[in-house]
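This is model.cif (mmCIF, C-alpha atoms).
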data_model
#
loop_
_atom_site.label_atom_id
_atom_site.label_comp_id
_atom_site.auth_asym_id
_atom_site.auth_seq_id
_atom_site.Cartn_x
_atom_site.Cartn_y
_atom_site.Cartn_z
CA MET A 122 75.62 83.50 28.58
CA LEU A 123 74.04 86.07 30.89
CA VAL A 124 71.94 84.32 33.52
CA ALA A 125 70.81 87.16 35.78
CA THR A 126 71.39 90.74 36.84
CA VAL A 127 70.81 91.61 40.47
CA PRO A 128 70.79 95.02 42.15
CA PHE A 129 72.18 95.97 45.48
CA VAL A 130 70.06 98.04 47.85
CA LEU A 131 71.08 101.26 49.55
CA THR A 132 70.38 100.66 53.22
CA VAL A 133 70.78 102.65 56.39
CA HIS A 134 70.58 101.88 60.07
CA PRO A 135 67.17 103.07 61.37
CA SER A 136 68.84 105.38 63.90
CA LEU A 137 70.16 107.57 61.06
CA GLY A 138 66.68 109.08 60.81
CA VAL A 139 66.28 109.15 57.04
CA ASN A 140 63.60 107.40 55.01
CA THR A 141 64.53 108.17 51.41
CA ALA A 142 67.63 108.52 49.25
CA GLN A 143 66.79 112.22 48.92
CA GLU A 144 66.81 112.63 52.72
CA LEU A 145 70.13 110.77 52.97
CA ILE A 146 71.71 113.01 50.32
CA ALA A 147 70.43 116.13 52.08
CA LEU A 148 71.80 114.89 55.42
CA ALA A 149 75.18 114.07 53.87
CA LYS A 150 75.32 117.52 52.25
CA SER A 151 74.61 119.13 55.61
CA LYS A 152 77.40 117.11 57.28
CA PRO A 153 80.21 116.77 54.71
CA GLY A 154 82.68 114.06 55.69
CA GLN A 155 80.85 113.24 58.92
CA LEU A 156 78.81 110.23 57.75
CA SER A 157 80.35 106.88 56.86
CA TYR A 158 79.46 103.86 54.80
CA ALA A 159 80.59 100.26 55.09
CA SER A 160 81.81 98.12 52.22
CA GLY A 161 83.03 94.59 51.73
CA GLY A 162 86.47 96.03 50.95
CA ALA A 163 88.17 98.46 48.62
CA GLY A 164 86.96 97.86 45.08
CA ALA A 165 84.01 95.68 46.14
CA PRO A 166 80.61 96.51 44.61
CA HIS A 167 79.49 98.14 47.88
CA HIS A 168 82.45 100.52 47.62
CA ILE A 169 82.00 101.29 43.92
CA TYR A 170 78.25 101.90 44.28
CA ALA A 171 78.82 104.38 47.11
CA GLU A 172 81.54 106.15 45.13
CA LEU A 173 79.13 106.45 42.19
CA LEU A 174 76.52 107.99 44.48
CA MET A 175 79.05 110.49 45.81
CA HIS A 176 80.23 111.35 42.30
CA LEU A 177 76.72 111.99 40.99
CA THR A 178 75.48 113.96 44.01
CA GLY A 179 78.56 115.76 45.30
CA ILE A 180 78.23 114.31 48.80
CA ASP A 181 81.22 113.33 50.90
CA ILE A 182 80.85 110.22 53.07
CA LYS A 183 83.75 108.26 54.55
CA HIS A 184 84.59 104.76 53.38
CA VAL A 185 84.90 102.07 56.07
CA PRO A 186 86.20 98.94 54.33
CA TYR A 187 85.66 95.50 55.86
CA ARG A 188 86.99 92.08 54.98
CA GLY A 189 83.84 90.98 53.20
CA GLY A 190 80.20 91.89 52.97
CA GLY A 191 79.12 89.81 55.96
CA PRO A 192 81.15 91.70 58.55
CA ALA A 193 80.16 95.01 56.96
CA LEU A 194 76.47 94.13 57.07
CA ASN A 195 76.77 92.98 60.69
CA ASP A 196 78.29 96.30 61.76
CA VAL A 197 75.62 98.31 59.94
CA VAL A 198 72.87 96.28 61.64
CA ALA A 199 74.64 96.85 64.97
CA GLY A 200 74.67 100.60 64.31
CA HIS A 201 78.45 101.02 64.13
CA VAL A 202 78.35 102.34 60.55
CA PRO A 203 75.12 103.92 59.28
CA ILE A 204 75.14 103.34 55.50
CA TYR A 205 75.63 100.26 53.33
CA PHE A 206 74.96 99.12 49.78
CA ALA A 207 73.78 95.62 50.62
CA ASP A 208 73.34 92.47 48.58
CA VAL A 209 69.57 92.09 48.25
CA GLY A 210 69.47 88.46 49.46
CA PRO A 211 71.09 88.88 52.87
CA ALA A 212 69.50 92.32 53.39
CA ALA A 213 65.88 91.36 52.65
CA PRO A 214 65.10 89.67 56.01
CA LEU A 215 66.85 92.48 57.89
CA ILE A 216 64.80 95.08 56.04
CA ALA A 217 61.59 93.11 56.72
CA ALA A 218 62.51 92.91 60.42
CA GLY A 219 63.11 96.67 60.61
CA LYS A 220 66.82 96.27 61.37
CA LEU A 221 67.72 98.16 58.18
CA LYS A 222 65.87 100.74 56.09
CA ALA A 223 65.94 100.30 52.32
CA LEU A 224 66.26 103.61 50.48
CA GLY A 225 66.73 102.44 46.91
CA VAL A 226 67.85 99.73 44.53
CA THR A 227 70.83 100.30 42.30
CA THR A 228 69.18 99.31 39.00
CA ALA A 229 67.88 102.01 36.64
CA GLN A 230 64.28 101.12 37.49
CA ARG A 231 62.54 99.44 40.37
CA TRP A 232 63.41 95.79 40.60
CA GLY A 233 60.56 93.30 40.08
CA ALA A 234 61.32 91.34 43.26
CA THR A 235 61.17 94.49 45.41
CA PRO A 236 58.70 96.85 43.69
CA ASN A 237 58.10 98.83 46.89
CA ILE A 238 61.74 99.97 47.02
CA PRO A 239 62.37 102.89 44.65
CA ALA A 240 65.30 102.96 42.27
CA ILE A 241 68.03 105.38 43.34
CA SER A 242 67.77 106.81 39.82
CA GLU A 243 64.34 108.20 40.75
CA THR A 244 66.26 110.65 42.97
CA VAL A 245 69.66 110.64 41.26
CA PRO A 246 69.27 110.66 37.47
CA GLY A 247 71.81 108.44 35.76
CA TYR A 248 72.48 106.23 38.77
CA GLU A 249 72.61 102.60 37.69
CA ALA A 250 74.68 99.62 38.81
CA SER A 251 74.08 95.91 39.19
CA ILE A 252 75.86 92.62 39.49
CA TRP A 253 75.51 90.20 36.63
CA TYR A 254 75.92 86.47 36.66
CA GLY A 255 76.89 84.46 33.64
CA ILE A 256 78.02 81.06 32.58
CA SER A 257 80.95 80.42 30.29
CA ALA A 258 82.88 77.43 29.06
CA PRO A 259 86.53 77.08 28.09
CA LYS A 260 87.57 77.66 24.50
CA GLY A 261 87.31 74.42 22.58
CA THR A 262 84.41 73.00 24.61
CA PRO A 263 82.63 70.57 22.26
CA PRO A 264 79.47 72.09 20.72
CA GLU A 265 77.31 69.25 22.06
CA ILE A 266 78.40 70.08 25.63
CA VAL A 267 77.69 73.77 25.07
CA ALA A 268 74.23 72.81 23.73
CA ILE A 269 73.53 70.70 26.84
CA LEU A 270 74.59 73.55 29.14
CA ASN A 271 72.57 76.08 27.17
CA LYS A 272 69.44 73.91 27.33
CA ALA A 273 69.84 73.37 31.09
CA VAL A 274 70.34 77.07 31.81
CA ASN A 275 67.36 78.07 29.69
CA ALA A 276 65.18 75.45 31.35
#
Whole structure given in structure tokens:
Amino acid sequence: MLVATVPFVLTVHPSLGVNTAQELIALAKSKPGQLSYASGGAGAPHHIYAELLMHLTGIDIKHVPYRGGGPALNDVVAGHVPIYFADVGPAAPLIAAGKLKALGVTTAQRWGATPNIPAISETVPGYEASIWYGISAPKGTPPEIVAILNKAVNA
């Protein structure tokens, strides 16, 4: 059962000097291979979302993999790496405090919890990615247990 889908948010360190996804793309095109982005590791959502952005826009930014999203986020906030696709939860207070700039959410449209942050797809048609959370039970779980779980999740 699908419980929720949650976007990530394209963020940059304020010192990068861009305010929109369009400005970031233009900057990256003017400096091919010179900008870098952090990720929580090779194959992590942060990595895949940046690769999708590069594929759709033709930009070239260098991947800096970390051992997890926390260390990556810390280094972006510290200004060591300028770009990061952040989990919305940990990024929200940093965005509110001005320690990160939010350029766009990864869902196809603006996300209800952050309506002031545009969707990346408003600048890059076809861009869409999100994390989904679901609940499952092992094969053979008694139907009455599945019914109890279903009722609790829906409540």
Problem set entry | Residues within 10 Å of A:Gly164, only C-alpha atoms, excluding chain neighbours under 6 positions, as a VMD selection string | chain A and resid 170 172 186
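Take atom CA of A:Asp181 and atom CA of A:Asp196: the distance between them is 20.4 Å.
This file, queried with the PyMOL selection byres ((chain A and resi 199) around 12), gives the residues Val133, His134, Pro135, Ser136, Pro192, Ala193, Leu194, Asn195, Asp196, Val197, Val198, Gly200, His201, Val202, Pro203, Ile204, Leu215, Lys220 and Leu221 of chain A.
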For this file, the PyMOL selection byres ((chain A and resi 240) around 9) selects which residues, as a JSON list (two decimals) with C-alpha atoms, keeping the file's coordinate frame?
[["chain", "number", "residue", "atom", "x", "y", "z"],
["A", 130, "VAL", "CA", 70.06, 98.04, 47.85],
["A", 224, "LEU", "CA", 66.26, 103.61, 50.48],
["A", 225, "GLY", "CA", 66.73, 102.44, 46.91],
["A", 226, "VAL", "CA", 67.85, 99.73, 44.53],
["A", 227, "THR", "CA", 70.83, 100.30, 42.30],
["A", 228, "THR", "CA", 69.18, 99.31, 39.00],
["A", 229, "ALA", "CA", 67.88, 102.01, 36.64],
["A", 230, "GLN", "CA", 64.28, 101.12, 37.49],
["A", 231, "ARG", "CA", 62.54, 99.44, 40.37],
["A", 232, "TRP", "CA", 63.41, 95.79, 40.60],
["A", 238, "ILE", "CA", 61.74, 99.97, 47.02],
["A", 239, "PRO", "CA", 62.37, 102.89, 44.65],
["A", 241, "ILE", "CA", 68.03, 105.38, 43.34],
["A", 242, "SER", "CA", 67.77, 106.81, 39.82],
["A", 243, "GLU", "CA", 64.34, 108.20, 40.75],
["A", 244, "THR", "CA", 66.26, 110.65, 42.97],
["A", 245, "VAL", "CA", 69.66, 110.64, 41.26],
["A", 248, "TYR", "CA", 72.48, 106.23, 38.77],
["A", 249, "GLU", "CA", 72.61, 102.60, 37.69]]
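Checking A:Ala273, A:Ala250, A:Ala142, A:Ala213 one by one against A:Thr235, counting only C-alpha atoms, you find the shortest gap at A:Ala213.
For the atom pair formed by atom CA of A:Pro153 and atom CA of A:Tyr205, the distance is 17.2 Å, given to one decimal.
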For this session: Would you translate the PyMOL selection byres ((chain A and resi 180) around 8) into the concrete set of residues it matches in this file, as number ranges by chain?
Result: A: 146, 149-150, 153, 174-176, 178-179, 181-182
Shell of 8 Å around A:Tyr254, all atoms listed in the file, local chain residues under 2 positions omitted, as an mmCIF file with C-alpha atoms, in the coordinates of the input:
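Okay, this is what ended up in around_34.cif:
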data_model
loop_
_atom_site.group_PDB
_atom_site.id
_atom_site.type_symbol
_atom_site.label_atom_id
_atom_site.label_comp_id
_atom_site.auth_asym_id
_atom_site.auth_seq_id
_atom_site.Cartn_x
_atom_site.Cartn_y
_atom_site.Cartn_z
ATOM 1 C CA LEU A 123 74.040 86.070 30.890
ATOM 2 C CA VAL A 124 71.940 84.320 33.520
ATOM 3 C CA ALA A 125 70.810 87.160 35.780
ATOM 4 C CA THR A 126 71.390 90.740 36.840
ATOM 5 C CA ILE A 252 75.860 92.620 39.490
ATOM 6 C CA ILE A 256 78.020 81.060 32.580
#
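Here atom CA of A:Ser151 and atom CA of A:Thr132 stand 19.1 Å from one another.
Considering the residues A:Ile169, A:Ile266, A:Leu131, A:Ala276 and counting all atoms listed in the file, A:Ala223 has its shortest atom-to-atom contact with A:Leu131.
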For this session: Could you tell me which of A:Gln143, A:Ser251, A:Ser257, A:Ser157 comes closest to A:Leu270 if we count only C-alpha atoms?
Result: A:Ser257
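Compared by their closest atoms to A:Gly255, and using all atoms listed in the file, the residues A:Pro128, A:His168, A:Met122, A:Asp208 rank with A:Met122 nearest.
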